[in-house]
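Okay, structure first, notes after.
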Amino acid sequence: MTEAAAKTKRGEPVIRTAPMPSDMNGNGDIFGGWVLSQMDIAGGIMAARRAMGRVATVAVDSMTFKQPIKVGDVVSIYATVTRVGRTSISVHMETIVARRLDPEEIKVTEGTFIYVAIDDQGRPRPIAPVAP
């Protein structure tokens, strides 16, 4: 799948990384918290771009773990802004992995995170509408 096709289907590619052995739990899989952290970073990037400034995470509206992530997987997070309110932005993300020696992509998590645009004092601020 080309990058342009992936962007249309899954959203914009925001992060690509690989977990390390220090990110493993006792079962040999990657901690769910590590995945949540990477998704929060990706969603924050998307929300800040749309808000044109600082944002803070206020909620994880939904989160589904479908498959484990292993050490050596290439982890890609795709994001789409799905809703913009007066001060808040919802970002839906999909986490896709390619196993070490297998080029097939697998969706391992998806979720929707909510961010609020904030000013320099950390107070909510309005988000400018998108120009037509």
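Letters for chains follow the order of the structure tokens (A, B, ...), residue numbers begin at 1 for each chain, and ligand numbers begin at 1 in the order shown.
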- Task: Assign secondary structure with DSSP using the backbone only, and return the residues of chain A in alpha helix (DSSP H) as a PyMOL selection string.
- Result: chain A and resi 3-10+32-51
For range 29-66 of chain A against range 79-84 of chain A, with a cut-off of 12 Å and counting only C-alpha atoms, what is the closest atom pair and its distance in Å to one decimal for every residue that makes the cut, ordered by chain and number, as a Markdown table?
```
| residue | atom | partner | partner_atom | distance |
| --- | --- | --- | --- | --- |
| A:Gln38 | CA | A:Ala79 | CA | 11.7 |
| A:Met39 | CA | A:Ala79 | CA | 8.8 |
| A:Asp40 | CA | A:Ala79 | CA | 10.5 |
| A:Ile41 | CA | A:Ala79 | CA | 10.7 |
| A:Ala42 | CA | A:Ala79 | CA | 7.2 |
| A:Gly43 | CA | A:Ala79 | CA | 6.6 |
| A:Gly44 | CA | A:Ala79 | CA | 9.9 |
| A:Ile45 | CA | A:Ala79 | CA | 9.4 |
| A:Met46 | CA | A:Val81 | CA | 7.1 |
| A:Ala47 | CA | A:Val81 | CA | 7.2 |
| A:Ala48 | CA | A:Val81 | CA | 10.7 |
| A:Arg49 | CA | A:Val81 | CA | 10.1 |
| A:Arg50 | CA | A:Val81 | CA | 8.1 |
| A:Ala51 | CA | A:Val84 | CA | 9.0 |
```
Please list as an mmCIF file with N, CA, C and O atoms, in the first residue's frame every residue within 12 Å of Gly32 in chain A, counting only C-alpha atoms and excluding residues in the same chain fewer than 2 positions away.
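To be explicit, this is the file written out as selection14.cif:
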```cif
data_model
loop_
_atom_site.group_PDB
_atom_site.id
_atom_site.type_symbol
_atom_site.label_atom_id
_atom_site.label_comp_id
_atom_site.auth_asym_id
_atom_site.auth_seq_id
_atom_site.Cartn_x
_atom_site.Cartn_y
_atom_site.Cartn_z
ATOM 1 N N PRO A 19 9.553 -0.681 19.692
ATOM 2 C CA PRO A 19 9.716 -0.874 21.130
ATOM 3 C C PRO A 19 10.994 -1.643 21.442
ATOM 4 O O PRO A 19 11.467 -2.432 20.637
ATOM 5 N N ASP A 23 10.619 -2.151 27.290
ATOM 6 C CA ASP A 23 9.184 -1.841 27.191
ATOM 7 C C ASP A 23 8.315 -3.088 27.355
ATOM 8 O O ASP A 23 7.099 -3.002 27.229
ATOM 9 N N MET A 24 8.944 -4.249 27.654
ATOM 10 C CA MET A 24 8.212 -5.520 27.766
ATOM 11 C C MET A 24 7.596 -5.706 29.148
ATOM 12 O O MET A 24 8.145 -5.255 30.147
ATOM 13 N N ASN A 25 6.473 -6.439 29.144
ATOM 14 C CA ASN A 25 5.893 -6.885 30.412
ATOM 15 C C ASN A 25 6.423 -8.287 30.730
ATOM 16 O O ASN A 25 7.259 -8.818 29.988
ATOM 17 N N ASN A 27 5.142 -11.086 30.318
ATOM 18 C CA ASN A 27 4.773 -12.098 29.326
ATOM 19 C C ASN A 27 5.589 -11.997 28.045
ATOM 20 O O ASN A 27 5.390 -12.783 27.119
ATOM 21 N N GLY A 28 6.462 -10.995 27.970
ATOM 22 C CA GLY A 28 7.275 -10.826 26.768
ATOM 23 C C GLY A 28 6.642 -9.948 25.708
ATOM 24 O O GLY A 28 7.205 -9.775 24.629
ATOM 25 N N ASP A 29 5.457 -9.407 25.998
ATOM 26 C CA ASP A 29 4.806 -8.472 25.085
ATOM 27 C C ASP A 29 5.103 -7.047 25.551
ATOM 28 O O ASP A 29 5.601 -6.826 26.652
ATOM 29 N N ILE A 30 4.755 -6.087 24.713
ATOM 30 C CA ILE A 30 4.976 -4.686 25.062
ATOM 31 C C ILE A 30 3.848 -4.216 25.985
ATOM 32 O O ILE A 30 2.680 -4.514 25.748
ATOM 33 N N TRP A 34 2.859 1.582 27.302
ATOM 34 C CA TRP A 34 3.793 2.112 26.305
ATOM 35 C C TRP A 34 3.031 2.490 25.042
ATOM 36 O O TRP A 34 3.250 3.551 24.463
ATOM 37 N N VAL A 35 2.103 1.632 24.639
ATOM 38 C CA VAL A 35 1.305 1.887 23.439
ATOM 39 C C VAL A 35 0.438 3.132 23.652
ATOM 40 O O VAL A 35 0.361 4.003 22.783
ATOM 41 N N LEU A 36 -0.224 3.211 24.814
ATOM 42 C CA LEU A 36 -1.043 4.387 25.125
ATOM 43 C C LEU A 36 -0.219 5.669 25.059
ATOM 44 O O LEU A 36 -0.674 6.684 24.528
ATOM 45 N N SER A 37 0.982 5.617 25.588
ATOM 46 C CA SER A 37 1.865 6.782 25.578
ATOM 47 C C SER A 37 2.200 7.217 24.149
ATOM 48 O O SER A 37 2.137 8.407 23.818
ATOM 49 N N GLN A 38 2.542 6.259 23.296
ATOM 50 C CA GLN A 38 2.873 6.579 21.907
ATOM 51 C C GLN A 38 1.655 7.160 21.185
ATOM 52 O O GLN A 38 1.770 8.117 20.411
ATOM 53 N N MET A 39 0.480 6.599 21.452
ATOM 54 C CA MET A 39 -0.740 7.108 20.828
ATOM 55 C C MET A 39 -1.059 8.512 21.332
ATOM 56 O O MET A 39 -1.493 9.378 20.552
ATOM 57 N N MET A 63 -10.585 2.767 23.688
ATOM 58 C CA MET A 63 -9.287 2.139 23.436
ATOM 59 C C MET A 63 -9.519 0.649 23.325
ATOM 60 O O MET A 63 -10.168 0.057 24.194
ATOM 61 N N THR A 64 -9.024 0.053 22.241
ATOM 62 C CA THR A 64 -9.175 -1.377 22.034
ATOM 63 C C THR A 64 -7.822 -1.983 21.699
ATOM 64 O O THR A 64 -7.138 -1.502 20.791
ATOM 65 N N PHE A 65 -7.441 -3.006 22.457
ATOM 66 C CA PHE A 65 -6.227 -3.756 22.180
ATOM 67 C C PHE A 65 -6.638 -5.018 21.439
ATOM 68 O O PHE A 65 -7.378 -5.837 21.968
ATOM 69 N N LYS A 66 -6.164 -5.176 20.203
ATOM 70 C CA LYS A 66 -6.583 -6.298 19.367
ATOM 71 C C LYS A 66 -5.540 -7.416 19.305
ATOM 72 O O LYS A 66 -5.890 -8.575 19.225
ATOM 73 N N GLN A 67 -4.272 -7.037 19.278
ATOM 74 C CA GLN A 67 -3.163 -7.996 19.152
ATOM 75 C C GLN A 67 -2.001 -7.480 19.997
ATOM 76 O O GLN A 67 -1.868 -6.267 20.191
ATOM 77 N N PRO A 68 -1.125 -8.376 20.461
ATOM 78 C CA PRO A 68 0.047 -7.904 21.203
ATOM 79 C C PRO A 68 1.094 -7.284 20.267
ATOM 80 O O PRO A 68 1.124 -7.567 19.066
ATOM 81 N N ILE A 69 1.914 -6.430 20.845
ATOM 82 C CA ILE A 69 3.074 -5.872 20.146
ATOM 83 C C ILE A 69 4.294 -6.559 20.722
ATOM 84 O O ILE A 69 4.383 -6.779 21.935
ATOM 85 N N LYS A 70 5.223 -6.904 19.854
ATOM 86 C CA LYS A 70 6.433 -7.632 20.256
ATOM 87 C C LYS A 70 7.668 -6.749 20.071
ATOM 88 O O LYS A 70 7.671 -5.836 19.241
ATOM 89 N N THR A 95 -3.097 1.886 15.523
ATOM 90 C CA THR A 95 -1.709 1.460 15.652
ATOM 91 C C THR A 95 -1.541 0.195 14.826
ATOM 92 O O THR A 95 -2.259 -0.783 15.021
ATOM 93 N N VAL A 108 -3.131 -3.403 15.647
ATOM 94 C CA VAL A 108 -3.013 -3.935 17.000
ATOM 95 C C VAL A 108 -3.820 -3.145 18.028
ATOM 96 O O VAL A 108 -4.239 -3.710 19.036
ATOM 97 N N THR A 109 -4.005 -1.865 17.811
ATOM 98 C CA THR A 109 -4.847 -1.070 18.710
ATOM 99 C C THR A 109 -5.545 0.014 17.916
ATOM 100 O O THR A 109 -5.107 0.403 16.830
ATOM 101 N N GLU A 110 -6.613 0.519 18.479
ATOM 102 C CA GLU A 110 -7.234 1.727 17.967
ATOM 103 C C GLU A 110 -7.921 2.419 19.127
ATOM 104 O O GLU A 110 -8.288 1.774 20.117
#
```
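Across the structure, CA of Asp120 in chain A and CA of Met52 in chain A are spaced 12.9 Å apart.
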- Message: For the strand (DSSP E) assignment from backbone DSSP, which residues of chain A qualify? Please present them as number ranges by chain.
- Response: A: 12-17, 55-65, 74-84, 88-98, 105-117
- Just how far from CA of Phe113 in chain A is CA of Ser76 in chain A, in Å to one decimal? 16.7 Å
- Task: For range 53-56 of chain A, work out the shell of residues within 6 Å, counting only C-alpha atoms and skipping chain neighbours fewer than 4 positions away, then give it as a PyMOL selection string.
- Result: chain A and resi 48+115-118
Residues of the last selection are to be written out with N, CA and C atoms, as a JSON list (two decimals), in the first residue's frame.
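Output contents, as saved in again00.json:
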```json
[["chain", "number", "residue", "atom", "x", "y", "z"],
["A", 48, "ALA", "N", -2.55, 19.51, 18.21],
["A", 48, "ALA", "CA", -1.84, 20.79, 18.27],
["A", 48, "ALA", "C", -1.77, 21.45, 16.89],
["A", 115, "TYR", "N", -8.53, 16.03, 23.32],
["A", 115, "TYR", "CA", -7.59, 17.06, 23.75],
["A", 115, "TYR", "C", -8.34, 18.38, 23.87],
["A", 116, "VAL", "N", -7.83, 19.27, 24.71],
["A", 116, "VAL", "CA", -8.40, 20.61, 24.81],
["A", 116, "VAL", "C", -7.29, 21.60, 24.49],
["A", 117, "ALA", "N", -7.62, 22.61, 23.68],
["A", 117, "ALA", "CA", -6.67, 23.67, 23.36],
["A", 117, "ALA", "C", -6.49, 24.53, 24.60],
["A", 118, "ILE", "N", -5.24, 24.86, 24.92],
["A", 118, "ILE", "CA", -4.98, 25.67, 26.12],
["A", 118, "ILE", "C", -4.10, 26.87, 25.77]]
```
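For the atom pair formed by CA of Val58 in chain A and CA of Gly122 in chain A, the distance is 12.4 Å, given to one decimal.
Using only C-alpha atoms, the shortest contact distance between Pro13 in chain A and any of A:Asp61, A:Leu101, A:Gly72, A:Met93 is found at A:Met93.
Considering the residues A:Ile77, A:Glu104, A:Arg99, A:Ser90 and counting only C-alpha atoms, Arg16 in chain A has its shortest atom-to-atom contact with A:Ile77.
If only C-alpha atoms are the atoms counted, then among A:Ser22, A:Ile89, A:Tyr78, A:Ser62 the closest residue to Pro129 in chain A is A:Ile89.
Distance annotation: of A:Glu94, A:Asp73, A:Thr87, A:Thr57, the residue with the minimal separation from Gly11 in chain A is A:Glu94; atom set is only C-alpha atoms.
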